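Below: one structure, written as structure tokens.
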Amino acid sequence: MDNRLVPTPRSLADVDIRSRDTIGRGWGKLERLVFRHRRFDGTWSGEVTRDIYTIGEVAMVLPYDPALDAVVLLEQFRACGLVWGQATWLFEAIAGIVDPGETPAGVAAREAREEADCGIGTALHISTVWSSPGGYGERTHLYAAAADLSDIGGIHGLAHEQEDIRAVVVPLSEALAATQDGRIADAKTILMIQWLILNKSRIG
């Protein structure tokens, strides 16, 4: 069978941006883009209008303790559920925004310390993913890293950012079960746990 998962060669020359306007600012930026793009048959599409919301570039890390066969996860309130009339305190991997001058791997180490008081080893890159490519500009770098989780837990976060973060250490098998029974609902964290199940021999 032919290999069909070969990306079609594309560049910005295949996108004709007609306009790009900022229509809202807050924690992030909401932009309205009007564009055409090259179709698979070589012709141009008609004009498309899309609103893209972007907070920034993000790094996430899942610390793993090989001796305990366990990971550390964070529980914190997220506003996303308010759209649907839900109170969403979610379990997630450690994450933070990459500021100018920082590297994603450096942010992973910094956030592990800030959000879980956890030191990590060399961050192993899992993937770089788009959270919701239809309307969200966030690009997220995913990592796993070895860590000593024998004395990790408690409440953490930066007071000036109104962070109230509970760090919990759980067996990797329980984390996997939580991706299947709904306790973990963040898509990126689910991906990271499943990756670790398959690749934990690479951590350490």
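Residue numbers start at 1 in each chain; chains themselves are named A, B, ... in the order of the structure tokens; ligands are numbered from 1 in the order shown.
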TODO: Name the residues in contact with Glu31 in chain A at a cut-off of 10 Å, using only C-alpha atoms, excluding same-chain residues fewer than 4 positions from it; report them as a ChimeraX atom specification.
DONE: /A:20-25,50-54,135,137
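Residues within 9 Å of Glu57 in chain A, counting only C-alpha atoms and excluding same-chain residues fewer than 2 positions away, are A:Thr54, A:Ile55, A:Ala59, A:Gly96, A:Ile97, A:Val98, A:Asp99, A:Pro104, A:Gly137, A:Glu138, A:Arg139, A:Thr140, A:His141.
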Task: Test item: residues at most 7 Å from range 148-154 of chain A, only C-alpha atoms, excluding those fewer than 2 positions along its chain, as a list in words - done: Asp65, Ala116, Cys118, His156, Arg166, Ala167, Val168 and Val169 of chain A
Task: Those in range 3-131 of chain A with strand (DSSP E or B) from DSSP, as a PyMOL selection string - done: chain A and resi 15-25+29-38+44+48-54+57-65+70-78+88-92+94-97+124-130
If you keep C-alpha atoms, can you produce a file of those selected residues as a short mmCIF file (atom, residue, chain, number, x, y, z; two decimals), in the first residue's frame?
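What landed in selection.cif:
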```
data_model
loop_
_atom_site.label_atom_id
_atom_site.label_comp_id
_atom_site.auth_asym_id
_atom_site.auth_seq_id
_atom_site.Cartn_x
_atom_site.Cartn_y
_atom_site.Cartn_z
CA VAL A 15 -1.74 31.20 1.49
CA ASP A 16 -3.00 34.59 0.34
CA ILE A 17 -3.80 36.66 3.44
CA ARG A 18 -6.22 39.42 2.45
CA SER A 19 -6.50 41.01 5.90
CA ARG A 20 -5.49 40.38 9.50
CA ASP A 21 -7.10 42.48 12.23
CA THR A 22 -7.03 42.34 16.01
CA ILE A 23 -10.67 42.41 17.13
CA GLY A 24 -10.18 41.75 20.84
CA ARG A 25 -7.51 41.81 23.56
CA LYS A 29 -5.49 38.16 21.49
CA LEU A 30 -8.43 37.54 19.14
CA GLU A 31 -7.61 38.08 15.46
CA ARG A 32 -9.84 37.98 12.40
CA LEU A 33 -8.08 36.66 9.31
CA VAL A 34 -9.46 36.75 5.78
CA PHE A 35 -7.50 34.55 3.39
CA ARG A 36 -7.43 32.20 0.45
CA HIS A 37 -5.41 29.00 0.30
CA ARG A 38 -4.21 26.68 -2.42
CA TRP A 44 -7.29 28.83 -5.11
CA VAL A 48 -12.35 32.29 4.12
CA THR A 49 -12.87 34.26 7.34
CA ARG A 50 -11.64 32.79 10.62
CA ASP A 51 -11.34 34.20 14.14
CA ILE A 52 -8.24 32.87 15.92
CA TYR A 53 -7.67 33.25 19.66
CA THR A 54 -4.10 33.00 20.95
CA GLU A 57 3.24 29.46 23.01
CA VAL A 58 3.13 26.83 25.76
CA ALA A 59 5.37 24.14 27.22
CA MET A 60 3.96 21.16 29.13
CA VAL A 61 5.84 18.48 31.04
CA LEU A 62 4.84 15.21 32.67
CA PRO A 63 7.37 14.32 35.40
CA TYR A 64 7.79 10.56 35.85
CA ASP A 65 9.48 8.69 38.69
CA ALA A 70 4.28 7.31 39.11
CA VAL A 71 3.62 10.77 37.67
CA VAL A 72 2.71 14.12 39.17
CA LEU A 73 -0.47 15.82 37.97
CA LEU A 74 -2.00 19.17 38.87
CA GLU A 75 -5.58 19.99 39.79
CA GLN A 76 -6.75 23.57 39.28
CA PHE A 77 -9.78 25.59 38.22
CA ARG A 78 -10.13 26.32 34.49
CA THR A 88 -14.21 22.67 35.75
CA TRP A 89 -11.42 21.81 38.16
CA LEU A 90 -9.21 19.72 35.88
CA PHE A 91 -6.27 17.36 36.28
CA GLU A 92 -3.47 18.30 33.89
CA ILE A 94 2.44 20.92 34.35
CA ALA A 95 2.29 23.82 31.86
CA GLY A 96 3.33 27.41 31.32
CA ILE A 97 3.62 30.13 28.70
CA LEU A 124 12.47 14.61 26.51
CA HIS A 125 10.44 16.12 23.67
CA ILE A 126 7.26 14.17 22.92
CA SER A 127 5.71 16.35 20.21
CA THR A 128 4.65 19.88 19.31
CA VAL A 129 0.88 20.05 18.87
CA TRP A 130 -1.99 22.40 18.04
#
```
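For the residues A:Asp41, A:Gly26, A:Asn3, A:Glu114, ranking by smallest atom-to-atom distance to Glu161 in chain A using only C-alpha atoms places A:Glu114 first.
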Open item on the list: Quick check for you: according to DSSP on this backbone, which residues of chain A are classed as alpha helix (DSSP H)? Reply as number ranges by chain.
Closed with: A: 104-116, 172-181, 187-199
Selection to disk with N, CA and C atoms, as a JSON list (two decimals), in the first residue's frame:
```json
[["chain", "number", "residue", "atom", "x", "y", "z"],
["A", 104, "PRO", "N", 11.28, 26.39, 25.29],
["A", 104, "PRO", "CA", 10.20, 25.55, 25.84],
["A", 104, "PRO", "C", 10.70, 24.58, 26.91],
["A", 105, "ALA", "N", 11.87, 23.96, 26.70],
["A", 105, "ALA", "CA", 12.40, 23.03, 27.71],
["A", 105, "ALA", "C", 12.72, 23.76, 29.01],
["A", 106, "GLY", "N", 13.21, 24.98, 28.90],
["A", 106, "GLY", "CA", 13.49, 25.77, 30.09],
["A", 106, "GLY", "C", 12.23, 26.12, 30.85],
["A", 107, "VAL", "N", 11.17, 26.43, 30.12],
["A", 107, "VAL", "CA", 9.89, 26.73, 30.75],
["A", 107, "VAL", "C", 9.34, 25.49, 31.45],
["A", 108, "ALA", "N", 9.50, 24.32, 30.83],
["A", 108, "ALA", "CA", 9.04, 23.08, 31.47],
["A", 108, "ALA", "C", 9.70, 22.91, 32.84],
["A", 109, "ALA", "N", 11.00, 23.17, 32.93],
["A", 109, "ALA", "CA", 11.71, 23.03, 34.21],
["A", 109, "ALA", "C", 11.26, 24.11, 35.19],
["A", 110, "ARG", "N", 11.08, 25.33, 34.71],
["A", 110, "ARG", "CA", 10.66, 26.42, 35.60],
["A", 110, "ARG", "C", 9.27, 26.17, 36.17],
["A", 111, "GLU", "N", 8.35, 25.76, 35.31],
["A", 111, "GLU", "CA", 6.97, 25.54, 35.75],
["A", 111, "GLU", "C", 6.87, 24.34, 36.68],
["A", 112, "ALA", "N", 7.70, 23.32, 36.47],
["A", 112, "ALA", "CA", 7.68, 22.17, 37.38],
["A", 112, "ALA", "C", 8.03, 22.61, 38.80],
["A", 113, "ARG", "N", 8.97, 23.55, 38.90],
["A", 113, "ARG", "CA", 9.36, 24.05, 40.21],
["A", 113, "ARG", "C", 8.26, 24.94, 40.80],
["A", 114, "GLU", "N", 7.67, 25.83, 39.96],
["A", 114, "GLU", "CA", 6.67, 26.77, 40.44],
["A", 114, "GLU", "C", 5.36, 26.09, 40.82],
["A", 115, "GLU", "N", 4.94, 25.11, 40.02],
["A", 115, "GLU", "CA", 3.60, 24.55, 40.19],
["A", 115, "GLU", "C", 3.56, 23.28, 41.03],
["A", 116, "ALA", "N", 4.73, 22.63, 41.22],
["A", 116, "ALA", "CA", 4.73, 21.39, 42.00],
["A", 116, "ALA", "C", 5.92, 21.26, 42.93],
["A", 172, "LEU", "N", 1.29, 5.49, 37.53],
["A", 172, "LEU", "CA", 1.03, 5.67, 36.11],
["A", 172, "LEU", "C", -0.19, 4.87, 35.68],
["A", 173, "SER", "N", -0.39, 3.71, 36.26],
["A", 173, "SER", "CA", -1.55, 2.88, 35.90],
["A", 173, "SER", "C", -2.86, 3.58, 36.27],
["A", 174, "GLU", "N", -2.87, 4.30, 37.40],
["A", 174, "GLU", "CA", -4.08, 5.03, 37.78],
["A", 174, "GLU", "C", -4.30, 6.23, 36.86],
["A", 175, "ALA", "N", -3.20, 6.90, 36.49],
["A", 175, "ALA", "CA", -3.34, 8.02, 35.55],
["A", 175, "ALA", "C", -3.95, 7.53, 34.24],
["A", 176, "LEU", "N", -3.51, 6.37, 33.76],
["A", 176, "LEU", "CA", -4.08, 5.82, 32.53],
["A", 176, "LEU", "C", -5.56, 5.52, 32.72],
["A", 177, "ALA", "N", -5.92, 4.91, 33.85],
["A", 177, "ALA", "CA", -7.33, 4.61, 34.12],
["A", 177, "ALA", "C", -8.16, 5.89, 34.14],
["A", 178, "ALA", "N", -7.57, 6.98, 34.66],
["A", 178, "ALA", "CA", -8.29, 8.26, 34.74],
["A", 178, "ALA", "C", -8.52, 8.87, 33.37],
["A", 179, "THR", "N", -7.69, 8.52, 32.38],
["A", 179, "THR", "CA", -7.95, 8.99, 31.01],
["A", 179, "THR", "C", -9.13, 8.25, 30.39],
["A", 180, "GLN", "N", -9.47, 7.10, 30.96],
["A", 180, "GLN", "CA", -10.53, 6.27, 30.40],
["A", 180, "GLN", "C", -11.87, 6.44, 31.11],
["A", 181, "ASP", "N", -11.84, 6.92, 32.36],
["A", 181, "ASP", "CA", -13.10, 7.05, 33.09],
["A", 181, "ASP", "C", -13.56, 8.50, 33.24],
["A", 187, "ALA", "N", -7.07, 17.07, 26.74],
["A", 187, "ALA", "CA", -6.62, 16.22, 25.64],
["A", 187, "ALA", "C", -5.11, 16.07, 25.61],
["A", 188, "LYS", "N", -4.38, 17.13, 25.87],
["A", 188, "LYS", "CA", -2.92, 17.07, 25.81],
["A", 188, "LYS", "C", -2.38, 16.15, 26.91],
["A", 189, "THR", "N", -2.97, 16.24, 28.10],
["A", 189, "THR", "CA", -2.52, 15.39, 29.20],
["A", 189, "THR", "C", -2.81, 13.92, 28.91],
["A", 190, "ILE", "N", -3.96, 13.64, 28.32],
["A", 190, "ILE", "CA", -4.28, 12.27, 27.91],
["A", 190, "ILE", "C", -3.23, 11.75, 26.94],
["A", 191, "LEU", "N", -2.88, 12.56, 25.96],
["A", 191, "LEU", "CA", -1.87, 12.16, 24.97],
["A", 191, "LEU", "C", -0.54, 11.86, 25.66],
["A", 192, "MET", "N", -0.14, 12.72, 26.59],
["A", 192, "MET", "CA", 1.15, 12.56, 27.26],
["A", 192, "MET", "C", 1.20, 11.28, 28.10],
["A", 193, "ILE", "N", 0.11, 10.98, 28.79],
["A", 193, "ILE", "CA", 0.07, 9.76, 29.61],
["A", 193, "ILE", "C", 0.13, 8.53, 28.72],
["A", 194, "GLN", "N", -0.62, 8.54, 27.63],
["A", 194, "GLN", "CA", -0.59, 7.40, 26.72],
["A", 194, "GLN", "C", 0.79, 7.23, 26.10],
["A", 195, "TRP", "N", 1.44, 8.34, 25.76],
["A", 195, "TRP", "CA", 2.80, 8.27, 25.23],
["A", 195, "TRP", "C", 3.74, 7.65, 26.26],
["A", 196, "LEU", "N", 3.60, 8.07, 27.51],
["A", 196, "LEU", "CA", 4.49, 7.57, 28.55],
["A", 196, "LEU", "C", 4.30, 6.08, 28.79],
["A", 197, "ILE", "N", 3.08, 5.60, 28.71],
["A", 197, "ILE", "CA", 2.82, 4.16, 28.84],
["A", 197, "ILE", "C", 3.66, 3.38, 27.83],
["A", 198, "LEU", "N", 3.77, 3.90, 26.62],
["A", 198, "LEU", "CA", 4.48, 3.22, 25.55],
["A", 198, "LEU", "C", 5.98, 3.46, 25.57],
["A", 199, "ASN", "N", 6.41, 4.53, 26.25],
["A", 199, "ASN", "CA", 7.82, 4.96, 26.13],
["A", 199, "ASN", "C", 8.53, 5.15, 27.47]]
```
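With distances restricted to only C-alpha atoms, A:Ala146 is the closest residue to Lys200 in chain A from A:Ala87, A:Leu82, A:Ala146, A:Ala13.
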